[in-house]
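**Q** The following file, protein.cif, comprises mmCIF, C-alpha atoms:
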```
data_input
loop_
_atom_site.group_PDB
_atom_site.id
_atom_site.type_symbol
_atom_site.label_atom_id
_atom_site.label_comp_id
_atom_site.auth_asym_id
_atom_site.auth_seq_id
_atom_site.Cartn_x
_atom_site.Cartn_y
_atom_site.Cartn_z
ATOM 1 C CA VAL A 1 0.000 0.000 0.000
ATOM 2 C CA ALA A 2 1.398 3.421 -0.938
ATOM 3 C CA GLY A 3 2.848 5.248 2.041
ATOM 4 C CA SER A 4 2.869 2.135 4.210
ATOM 5 C CA VAL A 5 5.828 1.397 6.450
ATOM 6 C CA VAL A 6 6.775 -2.187 7.320
ATOM 7 C CA LEU A 7 9.418 -3.157 9.874
ATOM 8 C CA LEU A 8 11.004 -6.545 9.158
ATOM 9 C CA GLY A 9 12.992 -8.199 11.939
ATOM 10 C CA GLY A 10 14.707 -11.523 12.348
ATOM 11 C CA ASP A 11 17.878 -13.215 13.519
ATOM 12 C CA PRO A 12 21.138 -12.440 11.702
ATOM 13 C CA GLY A 13 21.557 -14.619 8.628
ATOM 14 C CA ILE A 14 17.881 -15.616 8.464
ATOM 15 C CA GLY A 15 17.514 -14.103 4.971
ATOM 16 C CA LYS A 16 15.897 -10.682 5.440
ATOM 17 C CA SER A 17 18.207 -8.927 2.974
ATOM 18 C CA THR A 18 18.059 -11.821 0.536
ATOM 19 C CA LEU A 19 14.240 -11.798 0.513
ATOM 20 C CA LEU A 20 14.104 -8.038 0.063
ATOM 21 C CA ILE A 21 16.625 -8.008 -2.793
ATOM 22 C CA GLN A 22 14.630 -10.684 -4.612
ATOM 23 C CA ALA A 23 11.339 -8.881 -3.979
ATOM 24 C CA LEU A 24 12.653 -5.481 -5.073
ATOM 25 C CA ALA A 25 14.239 -6.914 -8.198
ATOM 26 C CA GLU A 26 10.813 -8.250 -9.160
ATOM 27 C CA ILE A 27 8.986 -5.066 -8.119
ATOM 28 C CA SER A 28 11.401 -2.926 -10.152
ATOM 29 C CA ARG A 29 10.013 -4.495 -13.329
ATOM 30 C CA ASN A 30 6.906 -2.315 -12.951
ATOM 31 C CA ALA A 31 7.738 0.292 -10.305
ATOM 32 C CA LYS A 32 10.620 2.521 -9.289
ATOM 33 C CA ALA A 33 12.501 0.826 -6.449
ATOM 34 C CA LEU A 34 15.391 1.950 -4.240
ATOM 35 C CA TYR A 35 17.409 -0.390 -1.998
ATOM 36 C CA VAL A 36 19.408 1.444 0.682
ATOM 37 C CA SER A 37 22.087 -0.609 2.407
ATOM 38 C CA GLY A 38 23.934 0.620 5.434
ATOM 39 C CA GLU A 39 25.573 -2.737 6.076
ATOM 40 C CA GLU A 40 26.778 -4.164 2.775
ATOM 41 C CA SER A 41 28.691 -2.733 -0.169
ATOM 42 C CA ALA A 42 27.273 -2.588 -3.685
ATOM 43 C CA ASP A 43 29.637 -5.427 -4.663
ATOM 44 C CA GLN A 44 28.366 -7.646 -1.835
ATOM 45 C CA ILE A 45 24.751 -7.031 -2.817
ATOM 46 C CA SER A 46 25.525 -7.654 -6.478
ATOM 47 C CA LEU A 47 27.270 -10.932 -5.649
ATOM 48 C CA ARG A 48 24.287 -12.069 -3.578
ATOM 49 C CA ALA A 49 21.876 -11.219 -6.388
ATOM 50 C CA HIS A 50 24.043 -13.108 -8.871
ATOM 51 C CA ARG A 51 24.195 -16.131 -6.537
ATOM 52 C CA LEU A 52 20.393 -16.040 -6.257
ATOM 53 C CA GLY A 53 20.018 -15.972 -10.016
ATOM 54 C CA VAL A 54 18.321 -12.587 -10.112
ATOM 55 C CA ALA A 55 18.259 -11.626 -13.793
ATOM 56 C CA LYS A 56 20.739 -8.896 -14.658
ATOM 57 C CA GLY A 57 18.080 -6.921 -16.534
ATOM 58 C CA ARG A 58 16.011 -6.654 -13.359
ATOM 59 C CA LEU A 59 19.001 -5.519 -11.315
ATOM 60 C CA GLU A 60 19.738 -2.721 -13.764
ATOM 61 C CA ARG A 61 16.339 -1.155 -13.027
ATOM 62 C CA LEU A 62 16.758 -1.518 -9.262
ATOM 63 C CA ARG A 63 18.463 1.547 -7.823
ATOM 64 C CA LEU A 64 21.020 0.809 -5.098
ATOM 65 C CA LEU A 65 22.396 3.236 -2.539
ATOM 66 C CA THR A 66 25.023 2.305 0.044
ATOM 67 C CA GLU A 67 24.600 5.030 2.643
ATOM 68 C CA THR A 68 24.080 5.482 6.384
ATOM 69 C CA HIS A 69 23.404 9.233 6.659
ATOM 70 C CA VAL A 70 19.628 9.767 6.761
ATOM 71 C CA ASP A 71 19.823 13.254 5.223
ATOM 72 C CA HIS A 72 21.662 11.907 2.169
ATOM 73 C CA ILE A 73 19.273 8.947 1.913
ATOM 74 C CA LEU A 74 16.292 11.307 1.896
ATOM 75 C CA LYS A 75 17.948 13.613 -0.647
ATOM 76 C CA VAL A 76 18.458 10.693 -3.037
ATOM 77 C CA ALA A 77 14.952 9.378 -2.371
ATOM 78 C CA ARG A 78 13.418 12.765 -3.180
ATOM 79 C CA ALA A 79 15.422 12.922 -6.420
ATOM 80 C CA GLU A 80 14.634 9.311 -7.436
ATOM 81 C CA SER A 81 10.976 9.283 -6.258
ATOM 82 C CA PRO A 82 10.817 5.520 -5.696
ATOM 83 C CA GLN A 83 7.462 3.857 -5.263
ATOM 84 C CA VAL A 84 9.064 1.225 -3.020
ATOM 85 C CA MET A 85 12.143 1.682 -0.825
ATOM 86 C CA VAL A 86 14.066 -0.628 1.501
ATOM 87 C CA VAL A 87 16.375 0.581 4.289
ATOM 88 C CA ASP A 88 18.671 -2.204 5.513
ATOM 89 C CA SER A 89 19.106 -1.716 8.448
ATOM 90 C CA ILE A 90 17.724 1.053 10.654
ATOM 91 C CA GLN A 91 20.423 0.399 13.279
ATOM 92 C CA THR A 92 23.121 1.631 10.840
ATOM 93 C CA ILE A 93 21.383 4.909 9.938
ATOM 94 C CA TYR A 94 22.249 8.169 11.691
ATOM 95 C CA THR A 95 21.548 11.891 11.673
ATOM 96 C CA ASP A 96 23.953 14.743 12.411
ATOM 97 C CA SER A 97 21.347 16.443 14.587
ATOM 98 C CA LEU A 98 22.221 14.016 17.405
ATOM 99 C CA GLN A 99 25.612 13.383 18.983
ATOM 100 C CA SER A 100 25.001 9.734 19.833
ATOM 101 C CA ALA A 101 26.372 6.801 17.836
ATOM 102 C CA PRO A 102 24.458 5.019 15.060
ATOM 103 C CA GLY A 103 22.352 2.249 16.565
ATOM 104 C CA SER A 104 21.669 4.175 19.768
ATOM 105 C CA VAL A 105 18.054 4.550 20.857
ATOM 106 C CA ALA A 106 17.986 8.250 19.962
ATOM 107 C CA GLN A 107 19.570 7.732 16.520
ATOM 108 C CA VAL A 108 17.239 4.863 15.609
ATOM 109 C CA ARG A 109 14.175 6.785 16.786
ATOM 110 C CA ASP A 110 15.067 10.039 14.990
ATOM 111 C CA SER A 111 16.262 8.417 11.751
ATOM 112 C CA ALA A 112 13.186 6.167 11.617
ATOM 113 C CA ALA A 113 10.894 9.134 12.260
ATOM 114 C CA GLN A 114 12.415 11.016 9.309
ATOM 115 C CA LEU A 115 12.107 7.994 7.009
ATOM 116 C CA VAL A 116 8.508 7.311 8.074
ATOM 117 C CA GLN A 117 7.589 10.965 7.537
ATOM 118 C CA TYR A 118 9.108 10.836 4.031
ATOM 119 C CA ALA A 119 7.187 7.636 3.208
ATOM 120 C CA LYS A 120 3.864 9.028 4.415
ATOM 121 C CA LEU A 121 4.253 12.378 2.619
ATOM 122 C CA SER A 122 5.570 10.924 -0.648
ATOM 123 C CA GLY A 123 3.375 7.829 -0.807
ATOM 124 C CA THR A 124 6.436 5.574 -0.924
ATOM 125 C CA ALA A 125 6.018 2.049 0.442
ATOM 126 C CA LEU A 126 8.916 1.658 2.884
ATOM 127 C CA PHE A 127 10.433 -1.549 4.244
ATOM 128 C CA VAL A 128 12.790 -1.093 7.189
ATOM 129 C CA VAL A 129 15.018 -3.931 8.368
ATOM 130 C CA GLY A 130 15.617 -4.099 12.110
ATOM 131 C CA HIS A 131 18.072 -6.152 14.116
ATOM 132 C CA VAL A 132 16.801 -8.574 16.729
ATOM 133 C CA THR A 133 18.282 -8.938 20.217
ATOM 134 C CA LYS A 134 19.329 -12.219 21.842
ATOM 135 C CA GLU A 135 15.952 -12.211 23.584
ATOM 136 C CA GLY A 136 14.200 -12.233 20.193
ATOM 137 C CA THR A 137 12.826 -8.679 20.275
ATOM 138 C CA LEU A 138 13.592 -5.825 17.917
ATOM 139 C CA ALA A 139 16.678 -3.886 18.949
ATOM 140 C CA GLY A 140 16.250 -0.205 19.645
ATOM 141 C CA PRO A 141 13.419 1.865 21.025
ATOM 142 C CA ARG A 142 10.007 0.325 21.513
ATOM 143 C CA VAL A 143 8.541 3.440 19.876
ATOM 144 C CA LEU A 144 9.886 2.146 16.543
ATOM 145 C CA GLU A 145 7.169 -0.500 16.460
ATOM 146 C CA HIS A 146 4.527 2.186 17.070
ATOM 147 C CA MET A 147 5.729 4.330 14.134
ATOM 148 C CA VAL A 148 5.157 1.676 11.487
ATOM 149 C CA ASP A 149 2.060 0.118 9.948
ATOM 150 C CA ALA A 150 3.227 -3.491 10.222
ATOM 151 C CA VAL A 151 5.879 -5.417 12.134
ATOM 152 C CA LEU A 152 6.945 -8.711 10.607
ATOM 153 C CA TYR A 153 9.343 -11.285 12.068
ATOM 154 C CA PHE A 154 11.264 -13.553 9.737
ATOM 155 C CA GLU A 155 11.668 -16.924 11.466
ATOM 156 C CA GLY A 156 13.100 -20.341 10.735
ATOM 157 C CA ASP A 157 16.244 -22.399 10.776
ATOM 158 C CA THR A 158 19.074 -20.598 8.935
ATOM 159 C CA GLY A 159 20.156 -23.955 7.493
ATOM 160 C CA GLY A 160 16.658 -24.942 6.451
ATOM 161 C CA GLN A 161 14.923 -24.377 3.157
ATOM 162 C CA PHE A 162 11.810 -22.627 4.495
ATOM 163 C CA ARG A 163 11.150 -19.446 6.475
ATOM 164 C CA ILE A 164 8.046 -18.108 8.169
ATOM 165 C CA ILE A 165 6.981 -14.479 8.138
ATOM 166 C CA ARG A 166 4.940 -13.787 11.256
ATOM 167 C CA ALA A 167 2.965 -10.547 11.649
ATOM 168 C CA ILE A 168 3.262 -9.045 15.123
ATOM 169 C CA LYS A 169 1.450 -5.825 14.162
ATOM 170 C CA ASN A 170 -0.660 -5.142 11.084
ATOM 171 C CA ARG A 171 -2.829 -2.050 10.666
ATOM 172 C CA PHE A 172 -4.301 -3.592 7.508
ATOM 173 C CA GLY A 173 -5.358 -7.006 8.745
ATOM 174 C CA ALA A 174 -5.006 -9.847 11.176
ATOM 175 C CA VAL A 175 -1.783 -10.744 12.995
ATOM 176 C CA ASN A 176 -2.743 -14.320 13.759
ATOM 177 C CA GLU A 177 -1.837 -15.532 10.253
ATOM 178 C CA ILE A 178 1.459 -16.771 8.846
#
```
Represent the structure contained in this file as structure tokens.
**A**
Amino acid sequence: VAGSVVLLGGDPGIGKSTLLIQALAEISRNAKALYVSGEESADQISLRAHRLGVAKGRLERLRLLTETHVDHILKVARAESPQVMVVDSIQTIYTDSLQSAPGSVAQVRDSAAQLVQYAKLSGTALFVVGHVTKEGTLAGPRVLEHMVDAVLYFEGDTGGQFRIIRAIKNRFGAVNEI
């Protein structure tokens, strides 16, 4: 849904980035898409896409930005006007308006608020990847879950073939479905 914001969490290595790269490559066939990575280089993302067999033609239409500064991300997003955008991950994004380190509660809260505001005003569907703590909850401020329209957890065995996406919050429907 245009202007919707989805927070996707899950254990490291569960496949969040892989799923989103595949999904955006497919979406970019018919819509403008921007993948923002604060964790991996363009070469790493390209190698993953190649390993997954994502067609080169689809990757050429998918815009990729490796950036962690929220002001620069928003500047590029305004210039590109994507219909769908992924930010991977919110814990790596920061703003100069705060003195704390990226990943701190204040940085995550402020950066997420700016991204959510952009998505709502521009009508961009935004997917935000969030890290999960050892206890299995999303890292960072609890307010992050309140800012978004849906919270999804990616679950499963990292060595297994299948994953489950479980809705914890969904403003558009039920959360008791997988």
**Q** Point out the residue among A:Ala113, A:Leu47, A:Val54, A:Leu74 with the least atom-to-atom distance to A:Leu144, counting only C-alpha atoms.
**A**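 Using only C-alpha atoms, A:Leu144 sits closest to A:Ala113.
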**Q** As an exercise, work out the distance from atom CA of A:Asn30 to atom CA of A:Tyr153 in Å and give it to one decimal place.
**A**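 Between atom CA of A:Asn30 and atom CA of A:Tyr153 the gap works out to 26.7 Å.
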**Q** List as a PyMOL selection string: which residues have an atom within 12 Å of (11.0, 2.8, 14.5), counting only C-alpha atoms?
**A** chain A and resi 5-9+87+89-91+93+103-117+126-131+138-151
**Q** Pick from A:Leu19, A:Asp96, A:Thr66, A:Leu24: nearest to A:Ala42, with only C-alpha atoms counted?
**A** A:Thr66
**Q** Around (-0.4, -18.3, 10.9) in the file's frame, which residues reach within 10 Å when counting only C-alpha atoms? Return as a JSON list (two decimals) with C-alpha atoms, keeping the file's coordinate frame?
**A**
```json
[["chain", "number", "residue", "atom", "x", "y", "z"],
["A", 164, "ILE", "CA", 8.05, -18.11, 8.17],
["A", 165, "ILE", "CA", 6.98, -14.48, 8.14],
["A", 166, "ARG", "CA", 4.94, -13.79, 11.26],
["A", 167, "ALA", "CA", 2.96, -10.55, 11.65],
["A", 174, "ALA", "CA", -5.01, -9.85, 11.18],
["A", 175, "VAL", "CA", -1.78, -10.74, 13.00],
["A", 176, "ASN", "CA", -2.74, -14.32, 13.76],
["A", 177, "GLU", "CA", -1.84, -15.53, 10.25],
["A", 178, "ILE", "CA", 1.46, -16.77, 8.85]]
```
**Q** So, counting all atoms listed in the file, which residue among A:Ala33, A:Ile14, A:Leu20, A:Val76 is closest to A:Tyr118?
**A**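 Going through A:Ala33, A:Ile14, A:Leu20, A:Val76 one by one, the smallest distance to A:Tyr118 is for A:Val76.
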**Q** Find the residues around A:Arg48 up to 10 Å (only C-alpha atoms counted), leave out those fewer than 4 positions away in its own chain, and share them as a list in words.
**A**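 The filter keeps Ser17, Thr18, Ile21, Gln22, Ala42, Asp43, Gln44, Leu52, Gly53 and Val54 of chain A.
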**Q** Kindly save the residues from that selection, with C-alpha atoms included, as a PDB file, keeping the file's coordinate frame.
**A**
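The resulting out-v4.pdb:
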```pdb
ATOM      1  CA  SER A  17      18.207  -8.927   2.974  1.00  0.00           C
ATOM      2  CA  THR A  18      18.059 -11.821   0.536  1.00  0.00           C
ATOM      3  CA  ILE A  21      16.625  -8.008  -2.793  1.00  0.00           C
ATOM      4  CA  GLN A  22      14.630 -10.684  -4.612  1.00  0.00           C
ATOM      5  CA  ALA A  42      27.273  -2.588  -3.685  1.00  0.00           C
ATOM      6  CA  ASP A  43      29.637  -5.427  -4.663  1.00  0.00           C
ATOM      7  CA  GLN A  44      28.366  -7.646  -1.835  1.00  0.00           C
ATOM      8  CA  LEU A  52      20.393 -16.040  -6.257  1.00  0.00           C
ATOM      9  CA  GLY A  53      20.018 -15.972 -10.016  1.00  0.00           C
ATOM     10  CA  VAL A  54      18.321 -12.587 -10.112  1.00  0.00           C
TER      11      VAL A  54
END
```
**Q** Using Å and a single decimal, report how far atom CA of A:Tyr35 sits from atom CA of A:Pro82.
**A** 9.6 Å
**Q** Using atom CA of A:Asp11 and atom CA of A:Phe162 as the two end points, give the distance in Å to one decimal.
**A**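 Calculated distance between atom CA of A:Asp11 and atom CA of A:Phe162 is 14.4 Å.
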**Q** At a cut-off of 6 Å, using only C-alpha atoms, what residues contact A:Thr92? Leave out same-chain residues fewer than 6 positions from it and give the result as a VMD selection string.
**A** chain A and resid 38 68 102 to 103
**Q** Would you please work out which residue, of A:Gly10, A:Leu34, A:Ile73, A:Arg63, is nearest to A:Val132 when using all atoms listed in the file?
**A** A:Gly10
